[in-house]
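Engineer: Before I ask anything, let me first share the structure, which is written out below as structure tokens.
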Amino acid sequence: QLIVCQVTKNPIGVKGARLTQEVSLPGRFVVLIPNSKTYGISKRLPDAERKRLRSILDRVKPAEHGLIVRTAAETATEHELRADMTRLVEQWNDIEAKAKKANGPTLLYREPPLAVRVIREEFNSDYRGVVIDDRQLFEDVRDYVQAFNPELADRVEYFDATTEGLPIFEKHHVHEQIHKALDRKVWLPSGGSLIIEHTEALTVIDVNTGRNVGTSNLEATVFQNNLEAAEEVAHQLRLRDIGGIIVIDFIDMEIKENRRKVVEAFRSALSRDKTRTQVFDISELGLVEMTRKRIGEGLLTSFAGQCPDCHGRGVLVNHDLLL
């Protein structure tokens with residue numbers, strides 16, 4: 001028996017891919033869930049906007065399919081929502097037609113290239129522009145933006161490395177930022193630091209005061225350092241795409257109210273993260289346990305491989321001492 005299924009999570013390490021029979025097709029403003037009664041609107045939107053969108057959905061939602069309205073749909077017109085939904089329905093009809101003709105395992109649909117996906121998920125009026133150094137990709141992205149956000153089409157720019165005299169990554173210091181994002185040590189504004197270590201089971205982030213000696217009492221210095229760390233840890237989790245179980249070792253604080261404020265600041269910083277997170281209260285030892293949904297392999301895995309000498313342990317055993 002042949003069934004239609006969708007890969008929701010790529011294989012990571014020794015873990016295989018995750019599949020589901022509940023197919024979902026994401027668009028710019030809505031997610032279509034074929035043959036479902038699912039009906040929802042992003043909870044990140046204000047109540048007044050949710051009410052406006054619900055009234056539009058009541059008019060345009062197809063009876064046989066489910067719809068979820070995305071955060072990007074804020075201020076979207078009925079025409080934009082209907083066009084997005086119509087395109088997704090046509091996409092699903094094409095998938096169904098291919099599935100009926102299939103006699104064995106067959107690829108029915110593949111998500112668009114990474115650049116188009118990033119534009120779809122992220123690009124809005126908050127961004128000054130998108131710079132692309134590949135002519136074909138530039139035209140594809142520009143056409144995509146022209147179709148869905150024509151007012152932003154002029155913000156898609158072509159970067160000619162020959163004219164500029166430098167590769168695009170060097171011109172915009174991207175190489176430097178990637179090197180920093182792969183470093184295990186991250187400096188905080190006031191002189192403290194984070195040490196980020198990955199293990200098979202979880203990721204551990206250690207918070208240190210470092211050069212931050214403060215100007216007042218120790219508790220105030222530690223509290224300020226931990227507040228900076230809370231903001232930076234949330235940023236690093238997004239930047240490095242760290243998922244799974246994460247333990248943050250904040251510096252010990254004596255005052256219970258300070259601990260509460262640090263966790264509150266951490267949760268507030270994480271609220272900007274589109275990936276689902278769950279944070280538990282700080283322990284007596286200053287540890288915060290949390291989980292972040294694992295979407296991909298993470299930045300480090302994408303750019304690095306296992307050391308052939310130490311096999312990922314980070315140390316070499318001196319066998320001469322064992323003789």
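Going through the structure tokens in order, the chains are called A, B, and so on, while each chain numbers its residues from 1 and the ligands are numbered from 1 in the order shown.
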List the spatial neighbours of segment 230-236 of chain A as a PDB file with all heavy atoms, in the first residue's frame - criterion: any atom at most 6 Å away, only C-alpha atoms, same-chain residues fewer than 2 positions off excluded.

Structural biologist:
ATOM      1  N   LEU A 227      22.306  38.870  33.552  1.00  0.00           N
ATOM      2  CA  LEU A 227      21.311  39.490  32.664  1.00  0.00           C
ATOM      3  C   LEU A 227      21.865  39.608  31.239  1.00  0.00           C
ATOM      4  O   LEU A 227      21.163  39.333  30.262  1.00  0.00           O
ATOM      5  CB  LEU A 227      20.912  40.877  33.188  1.00  0.00           C
ATOM      6  CG  LEU A 227      19.976  40.932  34.395  1.00  0.00           C
ATOM      7  CD1 LEU A 227      19.738  42.379  34.811  1.00  0.00           C
ATOM      8  CD2 LEU A 227      18.636  40.260  34.088  1.00  0.00           C
ATOM      9  N   GLU A 228      23.129  40.026  31.134  1.00  0.00           N
ATOM     10  CA  GLU A 228      23.774  40.102  29.816  1.00  0.00           C
ATOM     11  C   GLU A 228      23.858  38.710  29.193  1.00  0.00           C
ATOM     12  O   GLU A 228      23.605  38.533  27.985  1.00  0.00           O
ATOM     13  CB  GLU A 228      25.184  40.684  29.945  1.00  0.00           C
ATOM     14  CG  GLU A 228      25.220  42.177  30.233  1.00  0.00           C
ATOM     15  CD  GLU A 228      26.654  42.704  30.268  1.00  0.00           C
ATOM     16  OE1 GLU A 228      27.597  41.898  30.039  1.00  0.00           O
ATOM     17  OE2 GLU A 228      26.835  43.901  30.527  1.00  0.00           O
ATOM     18  N   ARG A 238      19.732  30.994  18.597  1.00  0.00           N
ATOM     19  CA  ARG A 238      19.159  31.245  17.268  1.00  0.00           C
ATOM     20  C   ARG A 238      20.259  31.253  16.202  1.00  0.00           C
ATOM     21  O   ARG A 238      20.121  30.653  15.152  1.00  0.00           O
ATOM     22  CB  ARG A 238      18.415  32.585  17.234  1.00  0.00           C
ATOM     23  CG  ARG A 238      17.198  32.656  18.123  1.00  0.00           C
ATOM     24  CD  ARG A 238      16.319  33.851  17.777  1.00  0.00           C
ATOM     25  NE  ARG A 238      17.026  35.120  17.803  1.00  0.00           N
ATOM     26  CZ  ARG A 238      17.179  35.875  18.876  1.00  0.00           C
ATOM     27  NH1 ARG A 238      16.696  35.473  20.039  1.00  0.00           N
ATOM     28  NH2 ARG A 238      17.819  37.029  18.817  1.00  0.00           N
ATOM     29  N   LEU A 239      21.339  31.968  16.501  1.00  0.00           N
ATOM     30  CA  LEU A 239      22.429  32.128  15.535  1.00  0.00           C
ATOM     31  C   LEU A 239      23.047  30.786  15.164  1.00  0.00           C
ATOM     32  O   LEU A 239      23.313  30.503  13.991  1.00  0.00           O
ATOM     33  CB  LEU A 239      23.501  33.057  16.123  1.00  0.00           C
ATOM     34  CG  LEU A 239      24.731  33.335  15.265  1.00  0.00           C
ATOM     35  CD1 LEU A 239      24.340  34.111  14.019  1.00  0.00           C
ATOM     36  CD2 LEU A 239      25.770  34.106  16.067  1.00  0.00           C
ATOM     37  N   ARG A 240      23.276  29.934  16.159  1.00  0.00           N
ATOM     38  CA  ARG A 240      23.947  28.643  15.939  1.00  0.00           C
ATOM     39  C   ARG A 240      22.956  27.514  15.672  1.00  0.00           C
ATOM     40  O   ARG A 240      23.367  26.379  15.419  1.00  0.00           O
ATOM     41  CB  ARG A 240      24.809  28.295  17.156  1.00  0.00           C
ATOM     42  CG  ARG A 240      25.909  29.313  17.428  1.00  0.00           C
ATOM     43  CD  ARG A 240      26.582  29.069  18.764  1.00  0.00           C
ATOM     44  NE  ARG A 240      27.534  30.122  19.076  1.00  0.00           N
ATOM     45  CZ  ARG A 240      28.832  29.935  19.301  1.00  0.00           C
ATOM     46  NH1 ARG A 240      29.335  28.715  19.281  1.00  0.00           N
ATOM     47  NH2 ARG A 240      29.623  30.945  19.566  1.00  0.00           N
ATOM     48  N   PHE A 266      15.531  35.997  30.424  1.00  0.00           N
ATOM     49  CA  PHE A 266      15.879  34.949  29.468  1.00  0.00           C
ATOM     50  C   PHE A 266      14.653  34.540  28.649  1.00  0.00           C
ATOM     51  O   PHE A 266      14.716  34.423  27.419  1.00  0.00           O
ATOM     52  CB  PHE A 266      16.454  33.744  30.217  1.00  0.00           C
ATOM     53  CG  PHE A 266      16.976  32.653  29.338  1.00  0.00           C
ATOM     54  CD1 PHE A 266      17.703  32.941  28.190  1.00  0.00           C
ATOM     55  CD2 PHE A 266      16.749  31.322  29.656  1.00  0.00           C
ATOM     56  CE1 PHE A 266      18.192  31.930  27.376  1.00  0.00           C
ATOM     57  CE2 PHE A 266      17.230  30.307  28.847  1.00  0.00           C
ATOM     58  CZ  PHE A 266      17.950  30.609  27.704  1.00  0.00           C
ATOM     59  N   ALA A 269      13.836  37.241  26.162  1.00  0.00           N
ATOM     60  CA  ALA A 269      14.750  37.227  25.009  1.00  0.00           C
ATOM     61  C   ALA A 269      14.406  36.080  24.058  1.00  0.00           C
ATOM     62  O   ALA A 269      14.517  36.215  22.837  1.00  0.00           O
ATOM     63  CB  ALA A 269      16.196  37.110  25.496  1.00  0.00           C
ATOM     64  N   LEU A 270      13.965  34.956  24.616  1.00  0.00           N
ATOM     65  CA  LEU A 270      13.620  33.799  23.791  1.00  0.00           C
ATOM     66  C   LEU A 270      12.289  33.982  23.062  1.00  0.00           C
ATOM     67  O   LEU A 270      12.011  33.265  22.097  1.00  0.00           O
ATOM     68  CB  LEU A 270      13.535  32.536  24.659  1.00  0.00           C
ATOM     69  CG  LEU A 270      14.861  31.905  25.100  1.00  0.00           C
ATOM     70  CD1 LEU A 270      14.604  30.810  26.115  1.00  0.00           C
ATOM     71  CD2 LEU A 270      15.628  31.352  23.904  1.00  0.00           C
TER      72      LEU A 270
END

Engineer: Tell me, as JSON, numbers by chain, which residues lie within 10 Å of Ile168 of chain A, counting only C-alpha atoms; anything in the same chain fewer than 5 positions away does not count.

Structural biologist: {"A": [131, 132, 133, 159, 160, 161, 173, 174, 175]}

Engineer: Mind dumping the selected residues with N, CA and C atoms as a CSV table (one decimal), in the first residue's frame?

Structural biologist:
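Result file follows (out-v6.csv):
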chain,number,residue,atom,x,y,z
A,131,VAL,N,21.0,41.2,-0.5
A,131,VAL,CA,22.1,41.3,-1.4
A,131,VAL,C,22.4,39.9,-1.9
A,132,ILE,N,22.4,39.7,-3.2
A,132,ILE,CA,22.7,38.4,-3.8
A,132,ILE,C,23.7,38.5,-4.9
A,133,ASP,N,24.7,37.6,-4.9
A,133,ASP,CA,25.8,37.7,-5.9
A,133,ASP,C,25.7,36.7,-7.0
A,159,PHE,N,24.7,41.9,-6.4
A,159,PHE,CA,26.0,42.2,-6.0
A,159,PHE,C,27.0,41.7,-7.1
A,160,ASP,N,27.6,42.6,-7.8
A,160,ASP,CA,28.6,42.2,-8.8
A,160,ASP,C,30.0,42.2,-8.2
A,161,ALA,N,30.6,41.0,-7.9
A,161,ALA,CA,31.9,41.0,-7.3
A,161,ALA,C,33.0,41.6,-8.1
A,173,HIS,N,31.7,41.4,5.6
A,173,HIS,CA,32.3,40.8,6.9
A,173,HIS,C,31.6,39.6,7.4
A,174,VAL,N,31.0,38.8,6.4
A,174,VAL,CA,30.3,37.6,6.8
A,174,VAL,C,31.2,36.5,7.3
A,175,HIS,N,32.4,36.4,6.7
A,175,HIS,CA,33.4,35.4,7.1
A,175,HIS,C,33.7,35.5,8.6

Engineer: Which residue out of A:Arg128, A:His198, A:Arg292, A:Arg70 has the minimum interatomic distance to Arg50 of chain A when only C-alpha atoms are used?

Structural biologist: A:Arg70

Engineer: Could you pull the residues within 8 Å of Trp92 of chain A, counting only C-alpha atoms, minus those fewer than 4 positions along the same chain, as a list in words?

Structural biologist: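 Surrounding residues, per the criterion: Leu25, Pro34, Leu88 and Glu96 of chain A.
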
Engineer: When you count only C-alpha atoms, which of these residues is closest to Arg211 of chain A: A:Phe138, A:Trp187, A:Tyr39, A:Phe303?

Structural biologist: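 Selected residue with least distance to Arg211 of chain A: A:Trp187.
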
Engineer: Within 7 Å of Asn208 of chain A, counting only C-alpha atoms, which residues qualify if same-chain residues fewer than 3 places away don't, as a list in words?

Structural biologist: Gly192, Ser193, Leu194 and Ile251 of chain A

Engineer: From the DSSP assignment of the backbone, select every residue of segment 192-226 of chain A that is alpha helix (DSSP H), and format the answer as a list in words.

Structural biologist: Leu218, Glu219, Ala220, Thr221, Val222, Phe223, Gln224, Asn225 and Asn226 of chain A

Engineer: Can you work out which one of A:Asp143, A:Leu322, A:Ala73, A:Lys274 has the shortest atom-to-atom distance to Ile56 of chain A, counting only C-alpha atoms?

Structural biologist: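 Ranking A:Asp143, A:Leu322, A:Ala73, A:Lys274 by distance to Ile56 of chain A, first place goes to A:Ala73.
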
Engineer: If you measure from atom CA of Leu32 of chain A to atom CA of Cys5 of chain A, what distance in Å do you get, rounded to one decimal?

Structural biologist: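 So the two atoms, atom CA of Leu32 of chain A and atom CA of Cys5 of chain A, lie 14.9 Å apart.
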
Engineer: Between A:Leu188, A:Ile3, A:Ile196, A:Ala72, which one has atoms that come closest to Ser125 of chain A, using only C-alpha atoms?

Structural biologist: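 Selected residue with least distance to Ser125 of chain A: A:Ala72.
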
Engineer: List every residue of segment 92-167 of chain A that DSSP, applied to the backbone, labels as strand (DSSP E or B), and write the result as a list in words.

Structural biologist: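 Across segment 92-167 of chain A, those assigned strand (DSSP E or B) are Val130, Val131, Ile132, Val156, Glu157 and Tyr158 of chain A.
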